[in-house]
file work-v7.tsv (TSV, C-alpha atoms and all ligand atoms)
chain	number	residue	atom	x	y	z
R	30	MET	CA	0.00	0.00	0.00
R	31	LYS	CA	1.32	3.44	-0.93
R	32	ARG	CA	1.86	6.01	1.80
R	33	ILE	CA	1.25	9.58	0.71
R	34	ALA	CA	2.01	12.74	2.68
R	35	VAL	CA	0.70	16.25	2.17
R	36	LEU	CA	1.65	19.66	3.54
R	37	THR	CA	0.69	23.31	2.96
R	38	SER	CA	3.52	25.81	2.77
R	39	GLY	CA	4.14	29.56	2.42
R	40	GLY	CA	1.34	32.10	2.38
R	41	ASP	CA	-1.96	30.36	3.06
R	42	ALA	CA	-4.67	30.73	0.44
R	43	PRO	CA	-8.44	30.21	0.51
R	44	GLY	CA	-9.09	26.73	-0.90
R	45	MET	CA	-6.11	25.00	0.70
R	46	ASN	CA	-8.47	23.10	3.00
R	47	ALA	CA	-10.62	22.06	0.06
R	48	CYS	CA	-7.47	20.75	-1.58
R	49	ILE	CA	-6.30	18.81	1.49
R	50	ARG	CA	-9.76	17.24	1.66
R	51	SER	CA	-9.61	16.26	-1.97
R	52	VAL	CA	-6.11	14.73	-1.61
R	53	VAL	CA	-7.13	12.75	1.48
R	54	LEU	CA	-10.41	11.44	0.03
R	55	THR	CA	-8.80	10.49	-3.29
R	56	ALA	CA	-5.88	8.75	-1.57
R	57	LEU	CA	-8.28	6.77	0.62
R	58	HIS	CA	-10.34	5.94	-2.47
R	59	PHE	CA	-7.25	4.31	-4.01
R	60	GLY	CA	-6.52	2.44	-0.77
R	61	TYR	CA	-3.48	4.60	0.17
R	62	GLN	CA	-2.59	5.76	3.64
R	63	VAL	CA	-2.31	9.52	3.86
R	64	TYR	CA	-0.34	11.61	6.35
R	65	GLY	CA	-0.14	15.32	6.99
R	66	PHE	CA	2.95	17.28	7.97
R	67	ARG	CA	2.09	20.38	9.99
R	68	HIS	CA	3.48	23.91	9.68
R	69	GLY	CA	4.79	23.63	6.12
R	70	TYR	CA	8.33	22.34	5.65
R	71	ASN	CA	8.93	22.83	9.38
R	72	GLY	CA	6.78	19.73	9.84
R	73	LEU	CA	9.22	17.70	7.73
R	74	VAL	CA	12.26	19.03	9.58
R	75	ASP	CA	10.70	18.68	13.04
R	76	ASN	CA	8.83	15.46	12.19
R	77	GLU	CA	5.37	16.82	12.99
R	78	ILE	CA	3.43	14.08	11.24
R	79	GLU	CA	-0.10	12.77	11.71
R	80	LEU	CA	-2.30	10.20	10.01
R	81	LEU	CA	-5.16	11.92	8.18
R	82	THR	CA	-8.60	10.33	8.19
R	83	MET	CA	-11.85	10.87	6.36
R	84	GLN	CA	-13.28	12.22	9.61
R	85	GLN	CA	-10.68	15.01	9.84
R	86	VAL	CA	-11.48	16.43	6.44
R	87	ARG	CA	-15.26	16.40	6.80
R	88	HIS	CA	-16.83	19.81	6.35
R	89	ILE	CA	-13.63	21.72	5.72
R	90	ILE	CA	-14.25	22.44	2.02
R	91	GLN	CA	-15.72	25.86	2.89
R	92	LYS	CA	-13.11	26.89	5.44
R	93	GLY	CA	-10.33	29.44	4.91
R	94	GLY	CA	-6.82	28.95	6.26
R	95	THR	CA	-5.35	25.47	6.39
R	96	LEU	CA	-6.02	22.57	8.70
R	97	LEU	CA	-2.36	21.57	8.46
R	98	LYS	CA	-1.15	25.12	9.30
R	99	SER	CA	1.38	26.88	7.12
R	100	ALA	CA	4.70	28.62	7.57
R	101	ARG	CA	7.84	29.73	5.84
R	102	CYS	CA	10.83	27.62	6.86
R	103	SER	CA	14.37	28.95	6.99
R	104	LYS	CA	15.77	25.61	8.25
R	105	PHE	CA	14.63	23.97	5.03
R	106	LYS	CA	16.99	26.25	3.11
R	107	THR	CA	20.00	24.62	4.80
R	108	GLU	CA	21.53	21.32	3.75
R	109	SER	CA	21.22	19.90	7.26
R	110	GLY	CA	17.52	20.87	7.37
R	111	ILE	CA	16.75	19.17	4.05
R	112	LYS	CA	18.67	16.04	5.03
R	113	LEU	CA	16.66	15.86	8.25
R	114	ALA	CA	13.44	16.26	6.29
R	115	ALA	CA	14.46	13.42	3.95
R	116	LYS	CA	15.33	11.24	6.94
R	117	HIS	CA	11.90	11.81	8.50
R	118	LEU	CA	10.13	11.03	5.23
R	119	ASP	CA	12.07	7.77	4.93
R	120	ALA	CA	11.49	6.85	8.57
R	121	ALA	CA	7.74	7.25	8.02
R	122	GLU	CA	8.08	5.17	4.82
R	123	ILE	CA	6.43	7.88	2.74
R	124	ASP	CA	6.36	7.06	-0.97
R	125	ALA	CA	5.11	10.38	-2.26
R	126	LEU	CA	4.82	13.95	-0.99
R	127	ILE	CA	2.29	16.52	-2.17
R	128	VAL	CA	3.09	20.18	-1.46
R	129	ILE	CA	0.33	22.78	-1.76
R	130	GLY	CA	1.92	26.22	-2.01
R	131	GLY	CA	3.44	28.93	-4.14
R	132	ASP	CA	6.70	29.63	-5.88
R	133	GLY	CA	9.02	29.27	-2.85
R	134	SER	CA	7.30	26.06	-1.77
R	135	LEU	CA	7.76	24.49	-5.18
R	136	ARG	CA	11.42	25.52	-5.23
R	137	GLY	CA	11.71	23.69	-1.90
R	138	MET	CA	10.54	20.50	-3.64
R	139	MET	CA	13.32	20.83	-6.19
R	140	HIS	CA	15.88	21.09	-3.40
R	141	LEU	CA	14.36	18.14	-1.55
R	142	SER	CA	14.58	15.97	-4.67
R	143	LYS	CA	18.38	16.07	-4.36
R	144	TYR	CA	18.19	14.28	-1.03
R	145	TRP	CA	14.99	12.23	-1.19
R	146	GLN	CA	14.02	9.62	-3.78
R	147	GLY	CA	10.23	9.61	-3.30
R	148	GLN	CA	7.70	11.09	-5.73
R	149	LEU	CA	7.07	14.83	-5.46
R	150	ILE	CA	3.94	16.52	-6.77
R	151	GLY	CA	3.16	20.24	-6.40
R	152	ILE	CA	-0.25	21.89	-6.30
R	153	PRO	CA	-0.38	25.67	-6.99
R	154	GLY	CA	-1.81	27.33	-3.90
R	155	THR	CA	-1.19	31.06	-3.51
R	156	ILE	CA	-3.30	34.20	-3.78
R	157	ASP	CA	-0.57	35.73	-5.99
R	158	ASN	CA	-1.37	33.61	-9.08
R	159	ASP	CA	2.29	33.92	-10.09
R	160	LEU	CA	2.97	30.33	-11.15
R	161	SER	CA	3.31	29.26	-14.75
R	162	GLY	CA	1.64	25.91	-15.41
R	163	SER	CA	-1.86	26.91	-14.29
R	164	ASP	CA	-4.20	29.68	-15.40
R	165	ASN	CA	-5.31	30.09	-11.80
R	166	THR	CA	-3.68	29.19	-8.53
R	167	ILE	CA	-5.88	28.11	-5.63
R	168	GLY	CA	-6.95	31.20	-3.69
R	169	PHE	CA	-6.37	33.85	-6.34
R	170	GLN	CA	-10.00	34.24	-7.39
R	171	THR	CA	-11.23	34.43	-3.80
R	172	ALA	CA	-8.59	37.00	-2.84
R	173	THR	CA	-9.50	39.08	-5.89
R	174	GLU	CA	-13.17	39.03	-4.86
R	175	THR	CA	-12.18	40.11	-1.36
R	176	VAL	CA	-10.31	43.07	-2.83
R	177	ILE	CA	-13.19	44.01	-5.13
R	178	ASP	CA	-15.59	43.94	-2.19
R	179	ALA	CA	-13.27	46.18	-0.18
R	180	ILE	CA	-12.85	48.67	-3.04
R	181	ASP	CA	-16.64	48.80	-3.61
R	182	LYS	CA	-17.00	49.82	0.02
R	183	LEU	CA	-14.24	52.37	-0.28
R	184	ARG	CA	-15.93	53.84	-3.35
R	185	ASP	CA	-19.01	54.69	-1.28
R	186	THR	CA	-17.05	56.77	1.18
R	187	ALA	CA	-14.70	58.10	-1.52
R	188	ASP	CA	-17.73	59.35	-3.47
R	189	ALA	CA	-19.27	60.88	-0.40
R	190	PHE	CA	-16.14	62.88	0.39
R	191	GLU	CA	-14.89	63.19	-3.22
R	192	ARG	CA	-11.61	61.77	-2.02
R	193	ILE	CA	-8.62	60.13	-3.61
R	194	PHE	CA	-7.71	56.72	-2.21
R	195	MET	CA	-4.66	54.63	-2.91
R	196	VAL	CA	-5.38	50.94	-2.24
R	197	GLU	CA	-2.36	48.67	-1.85
R	198	VAL	CA	-2.95	45.01	-2.64
R	199	MET	CA	-0.80	41.90	-2.26
R	200	GLY	CA	0.81	39.86	-5.03
R	201	ARG	CA	4.47	39.77	-3.99
R	202	ASP	CA	6.21	40.72	-7.29
R	203	ALA	CA	3.21	40.08	-9.53
R	204	GLY	CA	0.25	42.24	-10.48
R	205	PHE	CA	-2.50	39.67	-11.01
R	206	ILE	CA	-4.58	40.74	-8.01
R	207	ALA	CA	-4.10	44.45	-8.75
R	208	LEU	CA	-5.02	44.18	-12.42
R	209	SER	CA	-8.09	41.97	-11.98
R	210	SER	CA	-9.49	43.74	-8.94
R	211	GLY	CA	-8.73	47.18	-10.39
R	212	ILE	CA	-10.62	46.42	-13.57
R	213	ALA	CA	-13.54	44.78	-11.77
R	214	SER	CA	-13.94	47.69	-9.37
R	215	GLY	CA	-13.61	50.39	-12.04
R	216	ALA	CA	-10.53	51.89	-10.40
R	217	GLU	CA	-9.34	55.08	-12.09
R	218	GLN	CA	-5.77	53.86	-12.11
R	219	ILE	CA	-4.00	50.53	-11.68
R	220	ILE	CA	-0.29	50.44	-10.97
R	221	TYR	CA	1.20	46.97	-11.15
R	222	PRO	CA	4.73	45.69	-11.81
R	223	GLU	CA	4.18	44.17	-15.25
R	224	GLY	CA	2.66	47.42	-16.53
R	225	LEU	CA	5.35	49.68	-15.15
R	226	LYS	CA	8.84	50.59	-16.29
R	227	ASP	CA	10.00	52.70	-13.38
R	228	ILE	CA	7.56	54.14	-10.90
R	229	HIS	CA	9.89	57.03	-10.02
R	230	GLN	CA	9.98	58.11	-13.67
R	231	GLU	CA	6.24	57.62	-14.07
R	232	LEU	CA	5.23	59.52	-10.98
R	233	ASP	CA	4.61	62.63	-13.08
R	234	CYS	CA	2.26	60.67	-15.33
R	235	ILE	CA	0.35	59.37	-12.34
R	236	ILE	CA	-0.07	62.91	-11.05
R	237	GLN	CA	-1.12	64.26	-14.46
R	238	HIS	CA	-3.67	61.47	-14.72
R	239	VAL	CA	-5.22	62.38	-11.39
R	240	GLU	CA	-5.28	66.05	-12.35
R	241	SER	CA	-6.74	65.48	-15.81
R	242	ALA	CA	-9.46	63.24	-14.38
R	243	ARG	CA	-10.36	66.00	-11.95
R	244	LYS	CA	-10.49	68.52	-14.79
R	245	LEU	CA	-12.82	66.22	-16.73
R	246	HIS	CA	-15.17	65.31	-13.91
R	247	GLY	CA	-14.63	68.06	-11.40
R	248	ARG	CA	-13.97	67.04	-7.83
R	249	SER	CA	-15.00	63.42	-7.51
R	250	SER	CA	-13.75	60.18	-6.07
R	251	TYR	CA	-10.61	58.67	-7.58
R	252	ILE	CA	-9.25	55.24	-6.71
R	253	ILE	CA	-5.74	54.08	-7.45
R	254	VAL	CA	-5.05	50.37	-7.02
R	255	ILE	CA	-1.36	49.68	-6.53
R	256	SER	CA	0.56	46.44	-6.12
R	257	GLU	CA	2.69	46.06	-3.02
R	258	ASN	CA	6.49	46.40	-3.18
R	259	LEU	CA	6.57	49.10	-5.85
R	260	TRP	CA	7.56	52.04	-3.68
R	261	PRO	CA	9.75	52.20	-0.58
R	262	GLY	CA	7.33	52.65	2.29
R	263	GLY	CA	4.45	51.40	0.12
R	264	ALA	CA	1.13	53.20	-0.31
R	265	TYR	CA	1.58	55.11	2.95
R	266	ASP	CA	4.60	56.93	1.62
R	267	LEU	CA	3.52	57.18	-2.01
R	268	SER	CA	0.12	58.64	-1.12
R	269	GLN	CA	1.99	61.24	0.94
R	270	VAL	CA	4.11	62.13	-2.09
R	271	LEU	CA	0.96	62.49	-4.21
R	272	THR	CA	-0.74	64.56	-1.55
R	273	GLU	CA	2.20	66.96	-1.47
R	274	GLN	CA	2.59	67.16	-5.24
R	275	ILE	CA	-1.08	67.38	-6.26
R	276	GLY	CA	-2.09	69.46	-3.32
R	277	ILE	CA	-5.17	67.30	-2.70
R	278	GLU	CA	-5.27	64.76	0.09
R	279	CYS	CA	-4.70	61.16	-1.04
R	280	ARG	CA	-5.55	58.53	1.59
R	281	PRO	CA	-3.74	55.17	1.74
R	282	VAL	CA	-5.53	51.88	2.43
R	283	ILE	CA	-3.42	48.76	2.86
R	284	LEU	CA	-5.65	45.71	2.56
R	285	GLY	CA	-2.96	43.35	3.86
R	286	HIS	CA	-3.69	39.87	5.16
R	287	ILE	CA	-7.46	40.27	4.89
R	288	GLN	CA	-6.81	39.18	1.30
R	289	ARG	CA	-5.63	35.76	2.45
R	290	GLY	CA	-8.63	35.01	4.66
R	291	GLY	CA	-12.26	34.05	4.28
R	292	CYS	CA	-14.22	31.19	2.78
R	293	PRO	CA	-12.98	30.11	-0.63
R	294	ASN	CA	-15.43	30.99	-3.40
R	295	GLY	CA	-17.01	28.30	-5.57
R	296	PHE	CA	-14.33	28.60	-8.24
R	297	ASP	CA	-11.50	27.96	-5.78
R	298	ARG	CA	-13.30	25.07	-4.08
R	299	ILE	CA	-13.81	23.37	-7.44
R	300	LEU	CA	-10.27	24.09	-8.67
R	301	ALA	CA	-8.81	22.82	-5.38
R	302	THR	CA	-10.89	19.66	-5.55
R	303	LYS	CA	-9.95	18.96	-9.18
R	304	LEU	CA	-6.24	19.54	-8.56
R	305	GLY	CA	-6.24	17.42	-5.40
R	306	VAL	CA	-7.73	14.46	-7.26
R	307	PHE	CA	-5.38	14.95	-10.20
R	308	ALA	CA	-2.32	15.13	-7.92
R	309	VAL	CA	-3.08	11.76	-6.36
R	310	GLU	CA	-3.74	10.31	-9.80
R	311	ALA	CA	-0.37	11.67	-10.95
R	312	ILE	CA	1.28	9.81	-8.08
R	313	LYS	CA	-0.61	6.64	-9.00
R	314	ASN	CA	0.67	7.03	-12.57
R	315	GLY	CA	4.28	7.29	-11.38
R	316	HIS	CA	4.91	11.01	-11.99
R	317	SER	CA	7.35	13.08	-9.96
R	318	LEU	CA	8.66	16.64	-9.81
R	319	MET	CA	5.57	17.85	-11.64
R	320	MET	CA	3.01	20.48	-10.76
R	321	VAL	CA	-0.66	19.85	-11.50
R	322	GLY	CA	-2.56	22.76	-13.00
R	323	GLU	CA	-5.42	23.76	-15.23
R	324	ILE	CA	-4.81	25.49	-18.54
R	325	SER	CA	-7.74	26.40	-20.80
R	326	ASN	CA	-10.00	24.03	-18.83
R	327	GLU	CA	-7.66	21.05	-19.26
R	328	LEU	CA	-5.86	19.48	-16.32
R	329	THR	CA	-2.14	19.57	-16.96
R	330	LEU	CA	1.18	18.36	-15.57
R	331	THR	CA	4.14	20.72	-15.92
R	332	ALA	CA	7.70	20.22	-14.71
R	333	ILE	CA	8.11	22.13	-11.44
R	334	SER	CA	11.30	23.72	-12.75
R	335	ASP	CA	9.33	25.26	-15.66
R	336	CYS	CA	6.61	26.51	-13.33
R	337	VAL	CA	9.02	28.42	-11.13
R	338	ASN	CA	11.56	29.52	-13.72
R	339	ASN	CA	9.22	30.87	-16.40
R	340	LYS	CA	7.64	34.13	-15.41
R	341	LYS	CA	3.89	33.99	-15.89
R	342	PRO	CA	2.65	36.98	-17.91
R	343	VAL	CA	-0.47	38.87	-16.90
R	344	ASP	CA	-3.40	38.41	-19.24
R	345	LYS	CA	-2.71	40.76	-22.16
R	346	LYS	CA	-6.43	41.17	-22.81
R	347	LEU	CA	-6.79	42.61	-19.32
R	348	SER	CA	-3.86	44.99	-19.64
R	349	ASP	CA	-5.24	46.18	-23.00
R	350	ILE	CA	-8.65	46.73	-21.43
R	351	GLN	CA	-7.06	48.84	-18.75
R	352	ALA	CA	-5.82	51.28	-21.35
R	353	LYS	CA	-9.23	51.52	-23.05
R	354	VAL	CA	-11.73	51.89	-20.25
R	355	PHE	CA	-10.13	54.72	-18.35
R	356	ASP	CA	-11.28	58.30	-18.56
R	357	SER	CA	-8.59	60.84	-19.44
R	358	VAL	CA	-6.38	57.97	-20.57
R	359	GLU	CA	-4.89	60.21	-23.25
R	360	ILE	CA	-2.74	61.94	-20.70
R	361	LEU	CA	-1.40	58.65	-19.43
R	362	SER	CA	-0.64	57.23	-22.85
R	363	ASN	CA	1.09	60.45	-23.84
R	364	CYS	CA	3.30	59.97	-20.86
R	365	THR	CA	4.32	56.35	-21.38
R	401	LIG	O1	2.56	34.88	-1.28
R	401	LIG	C1	1.41	35.28	-0.61
R	401	LIG	C2	1.63	36.59	0.08
R	401	LIG	O2	0.44	36.96	0.74
R	401	LIG	C3	2.13	37.73	-0.81
R	401	LIG	O3	1.11	38.31	-1.56
R	401	LIG	C4	2.74	38.64	0.20
R	401	LIG	O4	3.74	39.45	-0.39
R	401	LIG	C5	3.35	37.68	1.19
R	401	LIG	O5	2.65	36.46	1.05
R	401	LIG	C6	3.25	38.13	2.62
R	401	LIG	O6	3.88	37.19	3.40
R	401	LIG	P1	3.84	37.16	4.99
R	401	LIG	O7	2.44	36.76	5.39
R	401	LIG	O8	4.85	36.14	5.37
R	401	LIG	O9	4.16	38.55	5.43
call {"tool": "encode", "arguments": {"input": "work-v7.tsv", "output": "structure tokens"}}
result
Amino acid sequence: MKRIAVLTSGGDAPGMNACIRSVVLTALHFGYQVYGFRHGYNGLVDNEIELLTMQQVRHIIQKGGTLLKSARCSKFKTESGIKLAAKHLDAAEIDALIVIGGDGSLRGMMHLSKYWQGQLIGIPGTIDNDLSGSDNTIGFQTATETVIDAIDKLRDTADAFERIFMVEVMGRDAGFIALSSGIASGAEQIIYPEGLKDIHQELDCIIQHVESARKLHGRSSYIIVISENLWPGGAYDLSQVLTEQIGIECRPVILGHIQRGGCPNGFDRILATKLGVFAVEAIKNGHSLMMVGEISNELTLTAISDCVNNKKPVDKKLSDIQAKVFDSVEILSNCT
């Protein structure tokens, strides 16, 4: 009988529980034993292992967070840490390990493969959506909806006070959340890494855009969605710069970890369930060092190295839309 283990690693994402459930139920369906390691790769290094049962995964499909807990693990970046992890996997006679996580977690699998001979299958789970090999990562759609909901609420108060808000969203180095949520909420401006050459150089354009929109519409609300990590000090500092340069108050809102929480939406529950089943099937079929994903509605297997080494582009249709649906866009395109 095969023994499969699963862990969740890195930033948690809505739908991770749905995915754990799917892995456990599918493994049991095939007559495998399934174990969970807690706290991400720390669980491998510290040997925090537990047998997972059907009972434990009942009624978790709708829950945010992760039953197995998650963490980042500095020990796993050391040779001694990885060797210890491999030793614990062997001691527990694990044949295959499934890791649900993002870019860093999948890189961890590549390192582990140098010291451990078992099968390794990755499942893309991150709100950032920054993994090649799947159109969507588990959690991205839910996080985007959370952001849209927050911006809709901000719009009410922004309209009432005719204020400018700068909303900073997560995404690490990628702009998927910013672009999608900005378009869906009708933000006046979206600033995201893939659409930006140098924010310092483009600051003037940003200011002109705000000013031209105000000339066109008079004093009215104006929402800028900006990806994190684009400006030292983030939206707090950049909104201060805008306030000083435009002479109109710009308020920062940092949505932060709210974006990682909450019940997964239907899309993420279904994606997580499909990928969980497919991951166990991939193990059954003898695959290793592959990530399961979904591309154009087809379930796919892609080498983990390709998933982490090829930068995933943002949807060009969305970035083109951004340029077309904005008022006073002329000013911005003249600038860039
Ligand atoms: O990768 C998910 C993510 O939420 C990123 O969007 C963000 O940059 C990072 O994790 C935050 O990590 P932490 O919770 O460790 O501060």
call {"tool": "closest_atom_pairs", "arguments": {"input": "work-v7.tsv", "of": "chain R", "to": "ligand LIG 401 (chain R)", "cutoff": "6 Å", "atoms": "all atoms listed in the file", "output": "JSON lines"}}
result
{"residue": "R:Gly40", "atom": "CA", "partner": "R:LIG401", "partner_atom": "C1", "distance": 4.4}
{"residue": "R:Thr155", "atom": "CA", "partner": "R:LIG401", "partner_atom": "C1", "distance": 5.7}
{"residue": "R:Ile156", "atom": "CA", "partner": "R:LIG401", "partner_atom": "C1", "distance": 5.8}
{"residue": "R:Asp157", "atom": "CA", "partner": "R:LIG401", "partner_atom": "O3", "distance": 5.4}
{"residue": "R:Met199", "atom": "CA", "partner": "R:LIG401", "partner_atom": "O3", "distance": 4.1}
{"residue": "R:Gly200", "atom": "CA", "partner": "R:LIG401", "partner_atom": "O3", "distance": 3.8}
{"residue": "R:Arg201", "atom": "CA", "partner": "R:LIG401", "partner_atom": "O4", "distance": 3.7}
call {"tool": "atom_distance", "arguments": {"input": "work-v7.tsv", "atom1": "atom CA of Arg50 of chain R", "atom2": "atom CA of Lys303 of chain R"}}
result
11.0 Å
call {"tool": "closest_residue", "arguments": {"input": "work-v7.tsv", "among": "R:Phe169, R:Phe66, R:Tyr251, R:Tyr61", "to": "Asp124 of chain R", "atoms": "all atoms listed in the file"}}
result
R:Tyr61
call {"tool": "residues_around", "arguments": {"input": "work-v7.tsv", "residues": "Leu267 of chain R", "least_positions_apart": "6", "cutoff": "12 Å", "atoms": "only C-alpha atoms", "output": "CSV table (one decimal) with C-alpha atoms, keeping the file's coordinate frame"}}
result
chain,number,residue,atom,x,y,z
R,194,PHE,CA,-7.7,56.7,-2.2
R,195,MET,CA,-4.7,54.6,-2.9
R,196,VAL,CA,-5.4,50.9,-2.2
R,197,GLU,CA,-2.4,48.7,-1.8
R,220,ILE,CA,-0.3,50.4,-11.0
R,228,ILE,CA,7.6,54.1,-10.9
R,229,HIS,CA,9.9,57.0,-10.0
R,232,LEU,CA,5.2,59.5,-11.0
R,235,ILE,CA,0.4,59.4,-12.3
R,236,ILE,CA,-0.1,62.9,-11.0
R,253,ILE,CA,-5.7,54.1,-7.4
R,255,ILE,CA,-1.4,49.7,-6.5
R,256,SER,CA,0.6,46.4,-6.1
R,257,GLU,CA,2.7,46.1,-3.0
R,258,ASN,CA,6.5,46.4,-3.2
R,259,LEU,CA,6.6,49.1,-5.8
R,260,TRP,CA,7.6,52.0,-3.7
R,261,PRO,CA,9.8,52.2,-0.6
R,273,GLU,CA,2.2,67.0,-1.5
R,274,GLN,CA,2.6,67.2,-5.2
R,275,ILE,CA,-1.1,67.4,-6.3
R,278,GLU,CA,-5.3,64.8,0.1
R,279,CYS,CA,-4.7,61.2,-1.0
R,280,ARG,CA,-5.6,58.5,1.6
R,281,PRO,CA,-3.7,55.2,1.7
R,282,VAL,CA,-5.5,51.9,2.4
R,283,ILE,CA,-3.4,48.8,2.9
call {"tool": "residues_around", "arguments": {"input": "work-v7.tsv", "residues": "segment 290-302 of chain R", "least_positions_apart": "6", "cutoff": "9 Å", "atoms": "only C-alpha atoms", "output": "VMD selection string"}}
result
chain R and resid 41 to 52 90 to 94 152 154 165 to 172 174 to 175 322 to 323
call {"tool": "atom_distance", "arguments": {"input": "work-v7.tsv", "atom1": "atom CA of Lys345 of chain R", "atom2": "atom CA of Val176 of chain R"}}
result
20.9 Å
call {"tool": "atom_distance", "arguments": {"input": "work-v7.tsv", "atom1": "atom CA of Gln84 of chain R", "atom2": "atom CA of Tyr70 of chain R"}}
result
24.2 Å
call {"tool": "residues_around", "arguments": {"input": "work-v7.tsv", "residues": "Lys31 of chain R", "least_positions_apart": "2", "cutoff": "12 Å", "atoms": "all atoms listed in the file", "output": "JSON, numbers by chain"}}
result
{"R": [33, 34, 56, 57, 59, 60, 61, 62, 63, 64, 121, 122, 123, 124, 125, 126, 147, 148, 309, 312, 313, 315]}
call {"tool": "closest_residue", "arguments": {"input": "work-v7.tsv", "among": "R:Ile111, R:Ile193, R:Leu36, R:Met83", "to": "Ala242 of chain R", "atoms": "only C-alpha atoms"}}
result
R:Ile193
call {"tool": "closest_residue", "arguments": {"input": "work-v7.tsv", "among": "R:Leu97, R:Ala311, R:Ala120, R:Val239", "to": "Thr55 of chain R", "atoms": "all atoms listed in the file"}}
result
R:Ala311
call {"tool": "residues_around", "arguments": {"input": "work-v7.tsv", "residues": "Asp349 of chain R", "least_positions_apart": "3", "cutoff": "12 Å", "atoms": "only C-alpha atoms", "output": "list in words"}}
result
Leu208, Ile212, Gly224, Val343, Asp344, Lys345, Lys346, Ala352, Lys353, Val354, Phe355 and Ser362 of chain R
call {"tool": "closest_residue", "arguments": {"input": "work-v7.tsv", "among": "R:Ala114, R:Ala189, R:Val86, R:Leu135", "to": "Thr37 of chain R", "atoms": "only C-alpha atoms"}}
result
R:Leu135
call {"tool": "build_atoms", "arguments": {"input": "work-v7.tsv", "residues": "segment 256-269 of chain R", "atoms": "N, CA and C atoms", "output": "JSON list (two decimals), in the frame of the given file"}}
result
[["chain", "number", "residue", "atom", "x", "y", "z"],
["R", 256, "SER", "N", -0.04, 47.67, -6.66],
["R", 256, "SER", "CA", 0.56, 46.44, -6.12],
["R", 256, "SER", "C", 1.55, 46.79, -5.02],
["R", 257, "GLU", "N", 1.70, 45.87, -4.09],
["R", 257, "GLU", "CA", 2.69, 46.06, -3.02],
["R", 257, "GLU", "C", 4.12, 46.03, -3.62],
["R", 258, "ASN", "N", 5.05, 46.47, -2.85],
["R", 258, "ASN", "CA", 6.49, 46.40, -3.18],
["R", 258, "ASN", "C", 6.94, 47.23, -4.38],
["R", 259, "LEU", "N", 6.16, 48.27, -4.71],
["R", 259, "LEU", "CA", 6.57, 49.10, -5.85],
["R", 259, "LEU", "C", 7.20, 50.42, -5.41],
["R", 260, "TRP", "N", 7.05, 50.74, -4.14],
["R", 260, "TRP", "CA", 7.56, 52.04, -3.68],
["R", 260, "TRP", "C", 8.08, 51.84, -2.26],
["R", 261, "PRO", "N", 9.26, 52.35, -1.95],
["R", 261, "PRO", "CA", 9.75, 52.20, -0.58],
["R", 261, "PRO", "C", 8.76, 52.85, 0.39],
["R", 262, "GLY", "N", 8.33, 52.09, 1.37],
["R", 262, "GLY", "CA", 7.33, 52.65, 2.29],
["R", 262, "GLY", "C", 5.89, 52.42, 1.82],
["R", 263, "GLY", "N", 5.76, 51.81, 0.61],
["R", 263, "GLY", "CA", 4.45, 51.40, 0.12],
["R", 263, "GLY", "C", 3.47, 52.55, -0.06],
["R", 264, "ALA", "N", 2.18, 52.21, -0.03],
["R", 264, "ALA", "CA", 1.13, 53.20, -0.31],
["R", 264, "ALA", "C", 1.11, 54.32, 0.73],
["R", 265, "TYR", "N", 1.55, 54.03, 1.94],
["R", 265, "TYR", "CA", 1.58, 55.11, 2.95],
["R", 265, "TYR", "C", 2.46, 56.26, 2.45],
["R", 266, "ASP", "N", 3.66, 55.89, 2.03],
["R", 266, "ASP", "CA", 4.60, 56.93, 1.62],
["R", 266, "ASP", "C", 4.23, 57.54, 0.26],
["R", 267, "LEU", "N", 3.83, 56.67, -0.68],
["R", 267, "LEU", "CA", 3.52, 57.18, -2.01],
["R", 267, "LEU", "C", 2.30, 58.11, -1.98],
["R", 268, "SER", "N", 1.31, 57.77, -1.17],
["R", 268, "SER", "CA", 0.12, 58.64, -1.12],
["R", 268, "SER", "C", 0.51, 60.00, -0.52],
["R", 269, "GLN", "N", 1.50, 59.98, 0.37],
["R", 269, "GLN", "CA", 1.99, 61.24, 0.94],
["R", 269, "GLN", "C", 2.66, 62.10, -0.14]]
